[in-house]
Amino acid sequence: MPKAYEVITDELRRPRSALLRDNHRHQWEKDRARRPLTTRAATGATEHDCGLRVGDLVFHARYREVAAPPRLAAVFGVPEGIPLLERTYRTRCAAESAPFSLVTSYLVREMIAANPELLDDANEPWPGGTQNQLYTVGIEVGRVEERVTARPPTPRERRELDLPPGTSVILLRKTSYDITDRVVDLSEVTLPGDRAELLFTTSLERW
């Protein structure tokens with residue numbers, strides 16, 4: 001029988017910053033893609049989702065070139081082995097140890113090579129995000145598809161996201177298409193189920 005002074009660790013967890021991901025964010029990002037640098041640098045998608053300011057966040061990005069495996073080659077409609085730019089992102093609240101999500105994004109290297117700055121993670125965080133990056137090489141995003149599933153976390157995901165026991169992860173696969181219906185970006189996002197909320201708003205045309 002537990003003694004009166006014993007406490008359960010999870011009951012003492014400090015509430016973590018919540019994350020609300022609204023599908024309106026994509027138009028918000030596109031609207032900002034062509035705005036002046038000062039406007040783009042003032043805030044980003046994570047700040048939009050969590051309500052914090054740039055100075056409240058710690059951001060990390062890592063780029064590497066990888067050969068397209070079959071599953072990614074099929075998504076982009078390119079030959080297997082073609083060079084892709086793999087971009088890994090981690091952003092957390094400065095007062096917390098775990099990131100809001102685990103993000104891996106893929107771009108076809110040849111598609112963005114005209115702007116060498118897009119190949120260097122030293123230029124992150126990029127003001128205006130991926131839509132502005134694509135805009136610098138003449139690519140306009142025409143639509144974004146997101147598929148959402150959930151499952152128990154892997155041991156690595158549980159450690160990195162600091163998940164309480166029994167918490168699932170939300171898997172979001174975002175595919176961005178340009179105005180010619182070509183896939184220009186694939187992002188795989190792992191969200192912690194204890195603090196992430198997804199909001200989808202569908203506007204219907206009037207009769």
# chains A, B, ... in the order shown; residues from 1 in each chain; ligands from 1
>>> residues_around(residues="A:Val144", least_positions_apart="4", cutoff="7 Å", atoms="only C-alpha atoms", output="PyMOL selection string")
chain A and resi 174-177
>>> write_last_selection(atoms="all heavy atoms", output="short mmCIF file (atom, residue, chain, number, x, y, z; two decimals), in the first residue's frame")
data_model
loop_
_atom_site.label_atom_id
_atom_site.label_comp_id
_atom_site.auth_asym_id
_atom_site.auth_seq_id
_atom_site.Cartn_x
_atom_site.Cartn_y
_atom_site.Cartn_z
N LYS A 174 2.84 15.74 -44.77
CA LYS A 174 2.43 16.91 -45.55
C LYS A 174 3.11 16.88 -46.91
O LYS A 174 4.34 16.83 -47.00
CB LYS A 174 2.80 18.20 -44.82
CG LYS A 174 2.30 19.45 -45.52
CD LYS A 174 2.80 20.72 -44.84
CE LYS A 174 4.20 21.07 -45.29
NZ LYS A 174 4.65 22.40 -44.86
N THR A 175 2.31 16.91 -47.96
CA THR A 175 2.83 16.93 -49.33
C THR A 175 2.43 18.24 -49.98
O THR A 175 1.25 18.56 -50.06
CB THR A 175 2.28 15.75 -50.16
OG1 THR A 175 2.49 14.53 -49.44
CG2 THR A 175 2.97 15.67 -51.51
N SER A 176 3.42 19.00 -50.44
CA SER A 176 3.16 20.29 -51.10
C SER A 176 3.33 20.13 -52.60
O SER A 176 4.32 19.57 -53.08
CB SER A 176 4.13 21.36 -50.59
OG SER A 176 3.96 21.56 -49.20
N TYR A 177 2.35 20.65 -53.35
CA TYR A 177 2.36 20.59 -54.81
C TYR A 177 2.46 22.00 -55.37
O TYR A 177 1.88 22.95 -54.82
CB TYR A 177 1.06 19.97 -55.34
CG TYR A 177 0.82 18.54 -54.93
CD1 TYR A 177 0.34 18.22 -53.66
CD2 TYR A 177 1.06 17.49 -55.81
CE1 TYR A 177 0.11 16.90 -53.28
CE2 TYR A 177 0.83 16.17 -55.45
CZ TYR A 177 0.36 15.88 -54.18
OH TYR A 177 0.13 14.58 -53.80
#
>>> select_by_dssp(residues="stretch 42-180 of chain A", states="strand (DSSP E or B)", output="PyMOL selection string")
chain A and resi 57-67+83-93+102-108+141-151+169-178
>>> select_by_dssp(residues="stretch 23-205 of chain A", states="helix (DSSP H, G or I)", output="JSON, numbers by chain")
{"A": [25, 26, 27, 28, 29, 30, 31, 32, 37, 38, 39, 40, 41, 42, 45, 46, 47, 48, 49, 50, 54, 55, 56, 70, 71, 72, 73, 74, 75, 76, 109, 110, 111, 112, 116, 117, 118, 119, 121, 122, 123, 129, 130, 131, 132, 133, 134, 135, 155, 156, 157, 158, 159, 160, 161]}
>>> write_last_selection(atoms="C-alpha atoms", output="JSON list (two decimals), in the first residue's frame")
[["chain", "number", "residue", "atom", "x", "y", "z"],
["A", 25, "ARG", "CA", -1.58, 28.07, -41.65],
["A", 26, "HIS", "CA", -0.69, 27.14, -45.24],
["A", 27, "GLN", "CA", -2.39, 30.20, -46.72],
["A", 28, "TRP", "CA", -0.87, 32.30, -43.93],
["A", 29, "GLU", "CA", 2.58, 31.02, -44.96],
["A", 30, "LYS", "CA", 1.92, 31.65, -48.63],
["A", 31, "ASP", "CA", 0.72, 35.20, -47.98],
["A", 32, "ARG", "CA", 4.00, 35.92, -46.16],
["A", 37, "LEU", "CA", 12.39, 40.32, -44.93],
["A", 38, "THR", "CA", 11.55, 42.29, -41.79],
["A", 39, "THR", "CA", 7.98, 41.00, -41.89],
["A", 40, "ARG", "CA", 9.02, 37.40, -42.55],
["A", 41, "ALA", "CA", 11.67, 37.47, -39.83],
["A", 42, "ALA", "CA", 9.28, 38.75, -37.16],
["A", 45, "ALA", "CA", 4.99, 28.92, -38.40],
["A", 46, "THR", "CA", 5.87, 27.55, -34.96],
["A", 47, "GLU", "CA", 5.11, 30.88, -33.31],
["A", 48, "HIS", "CA", 1.85, 30.91, -35.26],
["A", 49, "ASP", "CA", 0.93, 27.46, -33.92],
["A", 50, "CYS", "CA", 1.97, 27.85, -30.28],
["A", 54, "VAL", "CA", 10.66, 34.23, -31.66],
["A", 55, "GLY", "CA", 12.72, 34.95, -28.54],
["A", 56, "ASP", "CA", 10.83, 32.26, -26.59],
["A", 70, "PRO", "CA", 12.03, 3.94, -53.71],
["A", 71, "ARG", "CA", 9.23, 5.35, -51.54],
["A", 72, "LEU", "CA", 10.44, 8.96, -51.88],
["A", 73, "ALA", "CA", 11.31, 8.62, -55.56],
["A", 74, "ALA", "CA", 7.72, 7.50, -56.14],
["A", 75, "VAL", "CA", 6.33, 10.51, -54.27],
["A", 76, "PHE", "CA", 8.42, 13.02, -56.23],
["A", 109, "ARG", "CA", 18.11, 18.99, -54.81],
["A", 110, "GLU", "CA", 18.08, 19.79, -58.52],
["A", 111, "MET", "CA", 14.80, 21.65, -58.08],
["A", 112, "ILE", "CA", 16.30, 24.18, -55.65],
["A", 116, "PRO", "CA", 22.83, 27.76, -53.18],
["A", 117, "GLU", "CA", 21.66, 29.39, -49.95],
["A", 118, "LEU", "CA", 18.84, 26.83, -49.81],
["A", 119, "LEU", "CA", 21.40, 24.02, -49.44],
["A", 121, "ASP", "CA", 21.49, 24.84, -42.87],
["A", 122, "ALA", "CA", 23.50, 27.79, -41.55],
["A", 123, "ASN", "CA", 20.81, 29.96, -43.15],
["A", 129, "GLY", "CA", 9.91, 29.15, -44.26],
["A", 130, "THR", "CA", 9.75, 26.65, -47.10],
["A", 131, "GLN", "CA", 7.24, 28.55, -49.20],
["A", 132, "ASN", "CA", 9.57, 31.55, -49.36],
["A", 133, "GLN", "CA", 12.54, 29.27, -50.06],
["A", 134, "LEU", "CA", 10.69, 27.77, -53.01],
["A", 135, "TYR", "CA", 9.60, 31.23, -54.15],
["A", 155, "PRO", "CA", 11.46, 4.34, -27.67],
["A", 156, "ARG", "CA", 13.45, 7.10, -29.40],
["A", 157, "GLU", "CA", 10.33, 9.21, -30.00],
["A", 158, "ARG", "CA", 9.26, 8.81, -26.40],
["A", 159, "ARG", "CA", 12.67, 9.96, -25.16],
["A", 160, "GLU", "CA", 13.04, 12.85, -27.58],
["A", 161, "LEU", "CA", 9.49, 14.16, -27.10]]
>>> closest_residue(among="A:Arg21, A:Arg92, A:Arg87, A:Arg64", to="A:Asp162", atoms="only C-alpha atoms")
A:Arg92
>>> atom_distance(atom1="atom CA of A:Asp181", atom2="atom CA of A:Pro79")
17.9 Å
>>> closest_atom_pairs(of="stretch 14-38 of chain A", to="stretch 188-198 of chain A", cutoff="12 Å", atoms="only C-alpha atoms", output="tab-separated table")
residue	atom	partner	partner_atom	distance
A:Pro15	CA	A:Arg195	CA	9.0
A:Arg16	CA	A:Arg195	CA	7.1
A:Ser17	CA	A:Arg195	CA	7.2
A:Ala18	CA	A:Arg195	CA	5.0
A:Leu19	CA	A:Ala196	CA	4.8
A:Leu20	CA	A:Glu197	CA	4.9
A:Arg21	CA	A:Leu198	CA	4.9
A:Asp22	CA	A:Leu198	CA	6.1
A:Asn23	CA	A:Leu198	CA	8.1
A:His24	CA	A:Leu198	CA	11.1
A:Arg25	CA	A:Leu198	CA	11.3
>>> write_last_selection(atoms="all heavy atoms", output="short mmCIF file (atom, residue, chain, number, x, y, z; two decimals), in the first residue's frame")
data_model
loop_
_atom_site.label_atom_id
_atom_site.label_comp_id
_atom_site.auth_asym_id
_atom_site.auth_seq_id
_atom_site.Cartn_x
_atom_site.Cartn_y
_atom_site.Cartn_z
N PRO A 15 2.94 21.66 -16.78
CA PRO A 15 2.19 21.77 -18.04
C PRO A 15 3.08 22.31 -19.15
O PRO A 15 3.83 23.27 -18.95
CB PRO A 15 1.07 22.76 -17.69
CG PRO A 15 0.91 22.65 -16.21
CD PRO A 15 2.30 22.39 -15.69
N ARG A 16 3.01 21.70 -20.31
CA ARG A 16 3.87 22.10 -21.41
C ARG A 16 3.11 23.00 -22.38
O ARG A 16 1.89 22.96 -22.47
CB ARG A 16 4.39 20.85 -22.13
CG ARG A 16 5.10 19.90 -21.19
CD ARG A 16 5.99 18.95 -21.93
NE ARG A 16 5.27 17.98 -22.75
CZ ARG A 16 5.88 17.10 -23.53
NH1 ARG A 16 7.20 17.09 -23.61
NH2 ARG A 16 5.19 16.23 -24.26
N SER A 17 3.87 23.79 -23.11
CA SER A 17 3.26 24.68 -24.09
C SER A 17 2.46 23.87 -25.10
O SER A 17 2.95 22.89 -25.64
CB SER A 17 4.34 25.49 -24.82
OG SER A 17 5.12 26.22 -23.90
N ALA A 18 1.23 24.30 -25.32
CA ALA A 18 0.36 23.58 -26.25
C ALA A 18 0.64 24.00 -27.69
O ALA A 18 1.19 25.08 -27.95
CB ALA A 18 -1.10 23.85 -25.90
N LEU A 19 0.27 23.14 -28.62
CA LEU A 19 0.47 23.39 -30.04
C LEU A 19 -0.85 23.16 -30.76
O LEU A 19 -1.42 22.08 -30.66
CB LEU A 19 1.54 22.45 -30.59
CG LEU A 19 1.98 22.66 -32.04
CD1 LEU A 19 2.86 23.89 -32.14
CD2 LEU A 19 2.72 21.44 -32.55
N LEU A 20 -1.34 24.17 -31.45
CA LEU A 20 -2.56 24.07 -32.24
C LEU A 20 -2.21 24.26 -33.70
O LEU A 20 -1.80 25.34 -34.12
CB LEU A 20 -3.59 25.13 -31.80
CG LEU A 20 -4.88 25.18 -32.63
CD1 LEU A 20 -5.65 23.87 -32.50
CD2 LEU A 20 -5.74 26.36 -32.21
N ARG A 21 -2.36 23.21 -34.48
CA ARG A 21 -2.00 23.26 -35.90
C ARG A 21 -3.29 23.36 -36.71
O ARG A 21 -4.07 22.41 -36.79
CB ARG A 21 -1.20 22.02 -36.29
CG ARG A 21 -0.64 22.07 -37.72
CD ARG A 21 0.13 20.81 -38.03
NE ARG A 21 0.61 20.81 -39.41
CZ ARG A 21 1.86 21.05 -39.77
NH1 ARG A 21 2.77 21.30 -38.84
NH2 ARG A 21 2.21 21.03 -41.04
N ASP A 22 -3.51 24.51 -37.30
CA ASP A 22 -4.71 24.81 -38.07
C ASP A 22 -4.36 24.76 -39.55
O ASP A 22 -3.31 25.28 -39.96
CB ASP A 22 -5.20 26.22 -37.68
CG ASP A 22 -6.53 26.60 -38.30
OD1 ASP A 22 -6.87 26.07 -39.38
OD2 ASP A 22 -7.21 27.45 -37.72
N ASN A 23 -5.22 24.18 -40.37
CA ASN A 23 -4.89 24.08 -41.79
C ASN A 23 -4.89 25.42 -42.51
O ASN A 23 -4.40 25.54 -43.63
CB ASN A 23 -5.81 23.09 -42.51
CG ASN A 23 -7.28 23.46 -42.41
OD1 ASN A 23 -7.78 23.76 -41.34
ND2 ASN A 23 -7.98 23.43 -43.53
N HIS A 24 -5.39 26.46 -41.87
CA HIS A 24 -5.30 27.81 -42.45
C HIS A 24 -3.86 28.31 -42.48
O HIS A 24 -3.55 29.30 -43.15
CB HIS A 24 -6.16 28.79 -41.65
CG HIS A 24 -7.63 28.63 -41.91
ND1 HIS A 24 -8.58 28.88 -40.96
CD2 HIS A 24 -8.30 28.24 -43.02
CE1 HIS A 24 -9.78 28.66 -41.45
NE2 HIS A 24 -9.64 28.27 -42.70
N ARG A 25 -2.98 27.64 -41.73
CA ARG A 25 -1.58 28.07 -41.65
C ARG A 25 -0.92 28.08 -43.02
O ARG A 25 0.00 28.88 -43.27
CB ARG A 25 -0.79 27.17 -40.70
CG ARG A 25 -0.38 25.84 -41.31
CD ARG A 25 -0.04 24.77 -40.28
NE ARG A 25 1.09 25.11 -39.44
CZ ARG A 25 2.35 24.78 -39.70
NH1 ARG A 25 2.65 24.17 -40.84
NH2 ARG A 25 3.31 25.07 -38.86
#
>>> closest_residue(among="A:Leu172, A:Ala33, A:Arg53, A:Thr201", to="A:Val141", atoms="only C-alpha atoms")
A:Ala33
>>> atom_distance(atom1="atom CA of A:Arg147", atom2="atom CA of A:Pro69")
20.4 Å
>>> atom_distance(atom1="atom CA of A:Val78", atom2="atom CA of A:Arg182")
10.8 Å
